[in-house]
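File shown: upload_13.pdb (PDB, C-alpha atoms).
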```pdb
ATOM      1  CA  MET A  40       0.000   0.000   0.000
ATOM      2  CA  LYS A  41       1.315   3.396  -0.924
ATOM      3  CA  ALA A  42       2.033   5.542   2.127
ATOM      4  CA  LYS A  43      -0.130   8.639   2.325
ATOM      5  CA  ARG A  44       0.519  12.084   3.658
ATOM      6  CA  ALA A  45      -1.908  13.538   6.186
ATOM      7  CA  ASN A  46      -2.585  17.222   6.741
ATOM      8  CA  GLY A  47       0.271  18.372   4.452
ATOM      9  CA  ALA A  48      -0.153  22.012   3.445
ATOM     10  CA  GLY A  49       1.623  21.474   0.149
ATOM     11  CA  ALA A  50       4.176  23.929  -1.129
ATOM     12  CA  GLY A  51       2.834  26.437  -3.615
ATOM     13  CA  ARG A  52      -0.894  25.813  -3.043
ATOM     14  CA  GLY A  53      -2.508  29.101  -2.031
ATOM     15  CA  LEU A  54       0.369  30.066   0.211
ATOM     16  CA  ASP A  55       0.216  33.655  -1.044
ATOM     17  CA  LYS A  56      -2.925  34.076   1.089
ATOM     18  CA  VAL A  57      -1.082  33.850   4.418
ATOM     19  CA  ARG A  58      -2.189  36.542   6.832
ATOM     20  CA  VAL A  59      -1.949  37.502  10.499
ATOM     21  CA  VAL A  60      -5.446  37.306  11.997
ATOM     22  CA  ALA A  61      -4.644  38.065  15.662
ATOM     23  CA  LYS A  62      -1.844  39.664  17.680
ATOM     24  CA  ALA A  63      -1.429  40.025  21.452
ATOM     25  CA  ASP A  64       1.133  40.306  24.230
ATOM     26  CA  LEU A  65       2.058  37.005  25.919
ATOM     27  CA  PRO A  66       4.025  37.042  29.174
ATOM     28  CA  THR A  67       5.387  33.556  29.964
ATOM     29  CA  GLN A  68       7.706  31.913  32.462
ATOM     30  CA  TYR A  69      10.407  32.097  29.766
ATOM     31  CA  GLY A  70       9.954  35.785  28.984
ATOM     32  CA  ARG A  71       7.589  38.168  27.249
ATOM     33  CA  PHE A  72       6.561  37.332  23.685
ATOM     34  CA  THR A  73       4.123  38.582  21.078
ATOM     35  CA  ILE A  74       1.681  35.858  20.053
ATOM     36  CA  LEU A  75       0.258  35.811  16.539
ATOM     37  CA  GLY A  76      -2.485  33.777  14.926
ATOM     38  CA  ILE A  77      -1.666  33.045  11.276
ATOM     39  CA  GLU A  78      -3.908  31.525   8.621
ATOM     40  CA  GLY A  79      -3.461  30.505   4.995
ATOM     41  CA  GLY A  80      -5.862  29.826   2.176
ATOM     42  CA  ARG A  81      -6.871  26.342   3.367
ATOM     43  CA  PRO A  82      -8.566  25.254   6.631
ATOM     44  CA  GLU A  83      -5.550  23.187   7.705
ATOM     45  CA  GLU A  84      -3.143  26.100   7.164
ATOM     46  CA  THR A  85      -2.972  27.606  10.632
ATOM     47  CA  ALA A  86      -0.146  28.327  13.043
ATOM     48  CA  VAL A  87       0.491  30.039  16.337
ATOM     49  CA  VAL A  88       3.665  32.115  16.292
ATOM     50  CA  LEU A  89       5.544  33.541  19.265
ATOM     51  CA  THR A  90       7.935  36.361  18.384
ATOM     52  CA  ARG A  91      10.572  38.307  20.238
ATOM     53  CA  GLY A  92      12.697  41.242  19.082
ATOM     54  CA  ARG A  93      12.947  42.740  15.577
ATOM     55  CA  LEU A  94      12.501  39.957  13.051
ATOM     56  CA  ASN A  95      13.497  41.986  10.004
ATOM     57  CA  GLY A  96      16.350  43.931  11.550
ATOM     58  CA  GLY A  97      20.043  43.234  11.110
ATOM     59  CA  THR A  98      20.011  40.108  13.284
ATOM     60  CA  VAL A  99      19.128  36.759  11.705
ATOM     61  CA  PRO A 100      16.372  35.458  14.006
ATOM     62  CA  LEU A 101      16.580  32.233  15.963
ATOM     63  CA  VAL A 102      13.662  30.074  14.784
ATOM     64  CA  ARG A 103      12.019  26.915  16.043
ATOM     65  CA  ILE A 104       9.296  25.214  13.979
ATOM     66  CA  HIS A 105       7.523  22.928  16.429
ATOM     67  CA  SER A 106       4.827  20.382  15.610
ATOM     68  CA  GLN A 107       2.009  20.084  18.108
ATOM     69  CA  CYS A 108       2.253  17.168  20.548
ATOM     70  CA  LEU A 109      -0.659  17.022  22.975
ATOM     71  CA  THR A 110       0.728  14.047  24.862
ATOM     72  CA  GLY A 111       4.169  15.583  25.282
ATOM     73  CA  ASP A 112       3.657  19.357  25.282
ATOM     74  CA  VAL A 113       0.529  19.319  27.472
ATOM     75  CA  LEU A 114       0.397  15.998  29.324
ATOM     76  CA  GLY A 115       4.134  15.615  29.925
ATOM     77  CA  SER A 116       4.534  12.240  28.200
ATOM     78  CA  GLN A 117       8.040  10.808  28.275
ATOM     79  CA  ARG A 118       7.490   8.659  25.199
ATOM     80  CA  CYS A 119       8.953  11.565  23.218
ATOM     81  CA  ASP A 120      11.165  14.624  23.745
ATOM     82  CA  CYS A 121       8.663  17.151  22.355
ATOM     83  CA  ARG A 122       7.983  19.075  25.554
ATOM     84  CA  ALA A 123      11.676  19.210  26.416
ATOM     85  CA  GLN A 124      12.433  20.552  22.922
ATOM     86  CA  LEU A 125       9.662  23.142  23.216
ATOM     87  CA  GLU A 126      10.896  24.387  26.588
ATOM     88  CA  LEU A 127      14.531  24.476  25.446
ATOM     89  CA  SER A 128      13.517  26.439  22.349
ATOM     90  CA  LEU A 129      11.495  29.005  24.287
ATOM     91  CA  ARG A 130      14.403  29.581  26.675
ATOM     92  CA  LYS A 131      16.859  30.044  23.800
ATOM     93  CA  ILE A 132      14.533  32.340  21.832
ATOM     94  CA  ALA A 133      13.838  34.420  24.937
ATOM     95  CA  ALA A 134      17.588  34.910  25.361
ATOM     96  CA  ALA A 135      18.202  35.794  21.700
ATOM     97  CA  ARG A 136      18.157  39.300  20.238
ATOM     98  CA  ALA A 137      15.430  38.229  17.828
ATOM     99  CA  GLY A 138      13.555  35.001  17.332
ATOM    100  CA  LEU A 139      10.292  33.206  16.889
ATOM    101  CA  LEU A 140       8.566  29.897  17.428
ATOM    102  CA  VAL A 141       6.094  28.548  14.857
ATOM    103  CA  TYR A 142       3.699  26.077  16.492
ATOM    104  CA  LEU A 143       2.003  23.840  13.914
ATOM    105  CA  PRO A 144      -1.058  21.564  14.244
ATOM    106  CA  GLN A 145       0.804  18.567  12.778
ATOM    107  CA  GLU A 146       0.199  16.016  15.524
ATOM    108  CA  GLY A 147       1.915  12.651  15.260
ATOM    109  CA  ARG A 148       4.278  13.766  12.457
ATOM    110  CA  GLY A 149       1.226  14.873  10.506
ATOM    111  CA  ILE A 150      -1.142  11.894  10.936
ATOM    112  CA  GLY A 151      -3.459  13.507  13.506
ATOM    113  CA  LEU A 152      -4.141  12.828  17.171
ATOM    114  CA  MET A 153      -6.405   9.763  16.872
ATOM    115  CA  ASN A 154      -4.029   8.046  14.461
ATOM    116  CA  LYS A 155      -1.142   8.953  16.740
ATOM    117  CA  LEU A 156      -2.882   7.177  19.616
ATOM    118  CA  ARG A 157      -3.451   4.162  17.355
ATOM    119  CA  ALA A 158       0.266   4.266  16.610
ATOM    120  CA  TYR A 159       0.991   4.318  20.353
ATOM    121  CA  GLU A 160      -1.043   1.127  20.718
ATOM    122  CA  LEU A 161       1.000  -0.513  17.956
ATOM    123  CA  GLN A 162       4.209   0.647  19.614
ATOM    124  CA  ASP A 163       3.097  -0.999  22.848
ATOM    125  CA  GLY A 164       2.907  -4.187  20.779
ATOM    126  CA  GLY A 165       6.535  -3.885  19.678
ATOM    127  CA  LEU A 166       6.641  -1.602  16.623
ATOM    128  CA  ASP A 167       8.771   1.520  16.575
ATOM    129  CA  THR A 168       7.328   4.933  15.674
ATOM    130  CA  VAL A 169       8.166   4.636  11.968
ATOM    131  CA  GLU A 170       6.819   1.086  11.673
ATOM    132  CA  ALA A 171       3.602   2.047  13.482
ATOM    133  CA  ASN A 172       2.896   4.982  11.154
ATOM    134  CA  GLN A 173       3.591   2.852   8.109
ATOM    135  CA  HIS A 174       1.392   0.026   9.440
ATOM    136  CA  LEU A 175      -1.471   2.547   9.554
ATOM    137  CA  GLY A 176      -0.822   3.441   5.905
ATOM    138  CA  PHE A 177       1.035   6.704   6.434
ATOM    139  CA  ALA A 178       4.513   7.878   5.532
ATOM    140  CA  ALA A 179       7.097   7.707   8.303
ATOM    141  CA  ASP A 180       6.841  11.512   8.517
ATOM    142  CA  SER A 181       3.917  13.273   6.804
ATOM    143  CA  ARG A 182       4.782  16.815   7.823
ATOM    144  CA  ASP A 183       4.912  19.620   5.269
ATOM    145  CA  TYR A 184       6.739  22.874   5.984
ATOM    146  CA  GLY A 185       5.564  24.861   2.958
ATOM    147  CA  PHE A 186       3.057  26.800   5.054
ATOM    148  CA  SER A 187       5.701  27.448   7.719
ATOM    149  CA  ALA A 188       7.965  28.985   5.097
ATOM    150  CA  ALA A 189       5.083  31.126   3.810
ATOM    151  CA  ALA A 190       4.337  32.301   7.352
ATOM    152  CA  LEU A 191       7.974  33.295   7.830
ATOM    153  CA  ARG A 192       7.950  35.224   4.567
ATOM    154  CA  ALA A 193       4.716  36.980   5.584
ATOM    155  CA  LEU A 194       6.538  38.174   8.717
ATOM    156  CA  GLY A 195       9.441  39.519   6.647
ATOM    157  CA  VAL A 196      11.793  36.663   7.538
ATOM    158  CA  ARG A 197      13.925  35.273   4.704
ATOM    159  CA  ARG A 198      16.947  33.997   6.644
ATOM    160  CA  VAL A 199      16.930  31.967   9.857
ATOM    161  CA  ARG A 200      19.094  30.296  12.428
ATOM    162  CA  LEU A 201      17.088  27.105  12.819
ATOM    163  CA  LEU A 202      16.728  25.159  16.062
ATOM    164  CA  SER A 203      16.305  21.646  14.703
ATOM    165  CA  ASN A 204      17.813  18.171  14.445
ATOM    166  CA  ASN A 205      15.821  17.366  11.307
ATOM    167  CA  PRO A 206      17.608  17.720   7.932
ATOM    168  CA  ASP A 207      14.284  17.363   6.077
ATOM    169  CA  LYS A 208      13.000  20.496   7.790
ATOM    170  CA  VAL A 209      16.059  22.381   6.559
ATOM    171  CA  ARG A 210      15.570  21.069   3.013
ATOM    172  CA  GLN A 211      11.881  21.934   2.912
ATOM    173  CA  LEU A 212      12.411  25.469   4.216
ATOM    174  CA  GLU A 213      15.178  26.167   1.716
ATOM    175  CA  SER A 214      13.141  24.757  -1.174
ATOM    176  CA  ASN A 215      10.364  27.173  -0.152
ATOM    177  CA  GLY A 216      12.510  30.300  -0.145
ATOM    178  CA  ILE A 217      13.861  30.431   3.419
ATOM    179  CA  ARG A 218      17.641  30.411   3.733
ATOM    180  CA  VAL A 219      18.907  28.462   6.729
ATOM    181  CA  ILE A 220      22.087  30.301   7.711
ATOM    182  CA  GLU A 221      22.788  27.946  10.594
ATOM    183  CA  ARG A 222      21.263  24.779  12.016
ATOM    184  CA  ILE A 223      21.454  24.752  15.790
ATOM    185  CA  PRO A 224      20.913  21.408  17.568
ATOM    186  CA  CYS A 225      17.747  21.135  19.668
ATOM    187  CA  HIS A 226      18.660  18.155  21.783
ATOM    188  CA  PRO A 227      17.604  18.361  25.431
ATOM    189  CA  ARG A 228      18.538  15.557  27.788
ATOM    190  CA  GLY A 229      16.404  12.498  27.058
ATOM    191  CA  THR A 230      14.844  10.001  29.451
ATOM    192  CA  HIS A 231      15.009   6.223  29.662
ATOM    193  CA  ALA A 232      11.437   6.079  28.338
ATOM    194  CA  SER A 233      12.289   8.149  25.248
ATOM    195  CA  ARG A 234      15.542   6.409  24.308
ATOM    196  CA  ASN A 235      14.080   4.045  21.694
ATOM    197  CA  TYR A 236      12.028   6.897  20.224
ATOM    198  CA  LEU A 237      15.171   8.990  19.815
ATOM    199  CA  LEU A 238      17.150   6.071  18.367
ATOM    200  CA  THR A 239      14.433   5.560  15.744
ATOM    201  CA  LYS A 240      14.499   9.259  14.823
ATOM    202  CA  SER A 241      18.260   9.014  14.393
ATOM    203  CA  THR A 242      18.559   5.702  12.534
ATOM    204  CA  LYS A 243      15.397   5.755  10.390
ATOM    205  CA  LEU A 244      14.572   9.448   9.919
ATOM    206  CA  GLY A 245      18.107  10.826   9.788
ATOM    207  CA  HIS A 246      17.750  13.234  12.695
ATOM    208  CA  LEU A 247      21.103  14.514  13.880
ATOM    209  CA  LEU A 248      21.250  13.369  17.492
ATOM    210  CA  ALA A 249      24.715  12.998  19.000
ATOM    211  CA  GLY A 250      25.496  10.967  22.081
ATOM    212  CA  LEU A 251      22.698   8.392  21.942
TER     213      LEU A 251
END
```
Please express the file's structure as structure tokens.
Amino acid sequence: MKAKRANGAGAGRGLDKVRVVAKADLPTQYGRFTILGIEGGRPEETAVVLTRGRLNGGTVPLVRIHSQCLTGDVLGSQRCDCRAQLELSLRKIAAARAGLLVYLPQEGRGIGLMNKLRAYELQDGGLDTVEANQHLGFAADSRDYGFSAAALRALGVRRVRLLSNNPDKVRQLESNGIRVIERIPCHPRGTHASRNYLLTKSTKLGHLLAGL
């Protein structure tokens, strides 16, 4: 069965319609940010963006593109390192002269929350994260960063210092007009529970994770 992509925005499809629909101040435990609501031309093209400093000044902003993870970000699951990556990114962006975090509704590497929970059940039966997604008929990673690149361009950002371990994210951003000046590792300390998850990201998805 051919693996399918779920929720992919798709580069070049209506991405000229990206607009900021809301803007507010957001004080957090990491620092004070501006929070933006951004929408594109399709219902699935939405993002929450936290910004700090002058994005289109002389400083290349520090950028994290983070896919939503309800179980990790909200519930504190240790099956993954998502919450730890999110917290590390917010601390680093808060300390930078300019930066932003793009928070995308691409749960479960783009397969959606219910399918992600089905994948968890398969993982409890012995499959790894890639095998579980593929067993459900999805690609190992269905995420699409075309909309993220369009959102960055709409904010006047053309060059970034990217907080990421994922080479595919770098490739997709650059193919959509965002120059990645520097890739900065986003590798917080893992847990015993997340070790196999991280090993799978490294060996099967090519994520650059040293010291595993």
Translate the PyMOL selection byres ((chain A and resi 154) around 12) into a concrete residue list for this structure, as a short mmCIF file (atom, residue, chain, number, x, y, z; two decimals) with C-alpha atoms, keeping the file's coordinate frame.
```cif
data_model
loop_
_atom_site.label_atom_id
_atom_site.label_comp_id
_atom_site.auth_asym_id
_atom_site.auth_seq_id
_atom_site.Cartn_x
_atom_site.Cartn_y
_atom_site.Cartn_z
CA ALA A 45 -1.91 13.54 6.19
CA GLN A 145 0.80 18.57 12.78
CA GLU A 146 0.20 16.02 15.52
CA GLY A 147 1.92 12.65 15.26
CA ARG A 148 4.28 13.77 12.46
CA GLY A 149 1.23 14.87 10.51
CA ILE A 150 -1.14 11.89 10.94
CA GLY A 151 -3.46 13.51 13.51
CA LEU A 152 -4.14 12.83 17.17
CA MET A 153 -6.40 9.76 16.87
CA LYS A 155 -1.14 8.95 16.74
CA LEU A 156 -2.88 7.18 19.62
CA ARG A 157 -3.45 4.16 17.36
CA ALA A 158 0.27 4.27 16.61
CA TYR A 159 0.99 4.32 20.35
CA GLU A 160 -1.04 1.13 20.72
CA LEU A 161 1.00 -0.51 17.96
CA THR A 168 7.33 4.93 15.67
CA ALA A 171 3.60 2.05 13.48
CA ASN A 172 2.90 4.98 11.15
CA GLN A 173 3.59 2.85 8.11
CA HIS A 174 1.39 0.03 9.44
CA LEU A 175 -1.47 2.55 9.55
CA GLY A 176 -0.82 3.44 5.90
CA PHE A 177 1.03 6.70 6.43
#
```
Neighbour list for Leu140 of chain A as a PDB file with C-alpha atoms, in the coordinates of the input, cut-off 7 Å, all atoms listed in the file, skip fewer than 5 positions in-chain:
```pdb
ATOM      1  CA  VAL A  88       3.665  32.115  16.292  1.00  0.00           C
ATOM      2  CA  LEU A  89       5.544  33.541  19.265  1.00  0.00           C
ATOM      3  CA  THR A  90       7.935  36.361  18.384  1.00  0.00           C
ATOM      4  CA  VAL A 102      13.662  30.074  14.784  1.00  0.00           C
ATOM      5  CA  ARG A 103      12.019  26.915  16.043  1.00  0.00           C
ATOM      6  CA  ILE A 104       9.296  25.214  13.979  1.00  0.00           C
TER       7      ILE A 104
END
```
Tyr184 of chain A surroundings by only C-alpha atoms, 7 Å radius, close-in-sequence under 3 positions cut, as a list in words: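 Here the qualifying residues turn out to be Ser187, Ala188, Lys208, Gln211 and Leu212 of chain A.
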Just say which residues the PyMOL selection byres ((chain A and resi 101) around 6) picks in this file, as a list of chain:residue names.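 On this input, the PyMOL selection byres ((chain A and resi 101) around 6) captures A:Pro100, A:Val102, A:Gly138, A:Arg200.
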For the selection you just gave me, I'd like the residues written to a file as a PDB file, in the coordinates of the input, keeping C-alpha atoms.
```pdb
ATOM      1  CA  PRO A 100      16.372  35.458  14.006  1.00  0.00           C
ATOM      2  CA  VAL A 102      13.662  30.074  14.784  1.00  0.00           C
ATOM      3  CA  GLY A 138      13.555  35.001  17.332  1.00  0.00           C
ATOM      4  CA  ARG A 200      19.094  30.296  12.428  1.00  0.00           C
TER       5      ARG A 200
END
```
Run the PyMOL selection byres ((chain A and resi 79) around 9) mentally over the shown coordinates, then write out the matched residues as a PyMOL selection string, using the chain letters and numbers from the document. chain A and resi 53-58+77-78+80-86+186+189-190
Limited to C-alpha atoms, could you put the picked residues into a file as a PDB file, in the coordinates of the input?
```
ATOM      1  CA  GLY A  53      -2.508  29.101  -2.031  1.00  0.00           C
ATOM      2  CA  LEU A  54       0.369  30.066   0.211  1.00  0.00           C
ATOM      3  CA  ASP A  55       0.216  33.655  -1.044  1.00  0.00           C
ATOM      4  CA  LYS A  56      -2.925  34.076   1.089  1.00  0.00           C
ATOM      5  CA  VAL A  57      -1.082  33.850   4.418  1.00  0.00           C
ATOM      6  CA  ARG A  58      -2.189  36.542   6.832  1.00  0.00           C
ATOM      7  CA  ILE A  77      -1.666  33.045  11.276  1.00  0.00           C
ATOM      8  CA  GLU A  78      -3.908  31.525   8.621  1.00  0.00           C
ATOM      9  CA  GLY A  80      -5.862  29.826   2.176  1.00  0.00           C
ATOM     10  CA  ARG A  81      -6.871  26.342   3.367  1.00  0.00           C
ATOM     11  CA  PRO A  82      -8.566  25.254   6.631  1.00  0.00           C
ATOM     12  CA  GLU A  83      -5.550  23.187   7.705  1.00  0.00           C
ATOM     13  CA  GLU A  84      -3.143  26.100   7.164  1.00  0.00           C
ATOM     14  CA  THR A  85      -2.972  27.606  10.632  1.00  0.00           C
ATOM     15  CA  ALA A  86      -0.146  28.327  13.043  1.00  0.00           C
ATOM     16  CA  PHE A 186       3.057  26.800   5.054  1.00  0.00           C
ATOM     17  CA  ALA A 189       5.083  31.126   3.810  1.00  0.00           C
ATOM     18  CA  ALA A 190       4.337  32.301   7.352  1.00  0.00           C
TER      19      ALA A 190
END
```
Nearest to Arg122 of chain A: which of A:Leu65, A:Cys108, A:Pro206, A:Arg91 is it, counting all atoms listed in the file? A:Cys108
One decimal, Å: what's the distance from atom CA of Ala137 of chain A over to atom CA of Val196 of chain A, could you say? 11.0 Å
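Each of A:Ala193, A:Ala178, A:Arg118, A:Ile223 was checked against Gln162 of chain A using all atoms listed in the file; the smallest atom-to-atom distance is that of A:Arg118.
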Ranking A:Leu166, A:Ala135, A:Leu244, A:Val60 by minimum distance to Val99 of chain A and counting all atoms listed in the file, which one comes first?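 Of A:Leu166, A:Ala135, A:Leu244, A:Val60, the one nearest Val99 of chain A, counting all atoms listed in the file, is A:Ala135.
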Closest of A:Val169, A:Ala63, A:Ala179, A:Leu94 to Leu238 of chain A - atom-to-atom distances counting all atoms listed in the file: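 Closest residue, counting all atoms listed in the file: A:Val169.
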Spatial neighbours of segment 124-128 of chain A, 8 Å, only C-alpha atoms, chain gap at least 2 places, as a CSV table (one decimal) with C-alpha atoms, in the frame of the given file:
```csv
chain,number,residue,atom,x,y,z
A,103,ARG,CA,12.0,26.9,16.0
A,105,HIS,CA,7.5,22.9,16.4
A,112,ASP,CA,3.7,19.4,25.3
A,120,ASP,CA,11.2,14.6,23.7
A,121,CYS,CA,8.7,17.2,22.4
A,122,ARG,CA,8.0,19.1,25.6
A,130,ARG,CA,14.4,29.6,26.7
A,131,LYS,CA,16.9,30.0,23.8
A,132,ILE,CA,14.5,32.3,21.8
A,140,LEU,CA,8.6,29.9,17.4
A,202,LEU,CA,16.7,25.2,16.1
A,225,CYS,CA,17.7,21.1,19.7
A,226,HIS,CA,18.7,18.2,21.8
A,227,PRO,CA,17.6,18.4,25.4
```
If you measure from atom CA of Val59 of chain A to atom CA of Leu143 of chain A, what distance in Å do you get, rounded to one decimal?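 We find that atom CA of Val59 of chain A and atom CA of Leu143 of chain A lie 14.6 Å from each other.
Reported to one decimal place, the separation of atom CA of Asn204 of chain A from atom CA of Asn235 of chain A is 16.3 Å.
Those residues that approach segment 67-69 of chain A to within 8 Å, counting only C-alpha atoms, are A:Phe72, A:Leu129, A:Arg130, A:Ala133; same-chain residues fewer than 3 positions away are not listed.
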Which residue is closest to Ile217 of chain A? Choose from A:His246, A:Thr239, A:Asp180, A:Gly185 and count all atoms listed in the file. A:Gly185
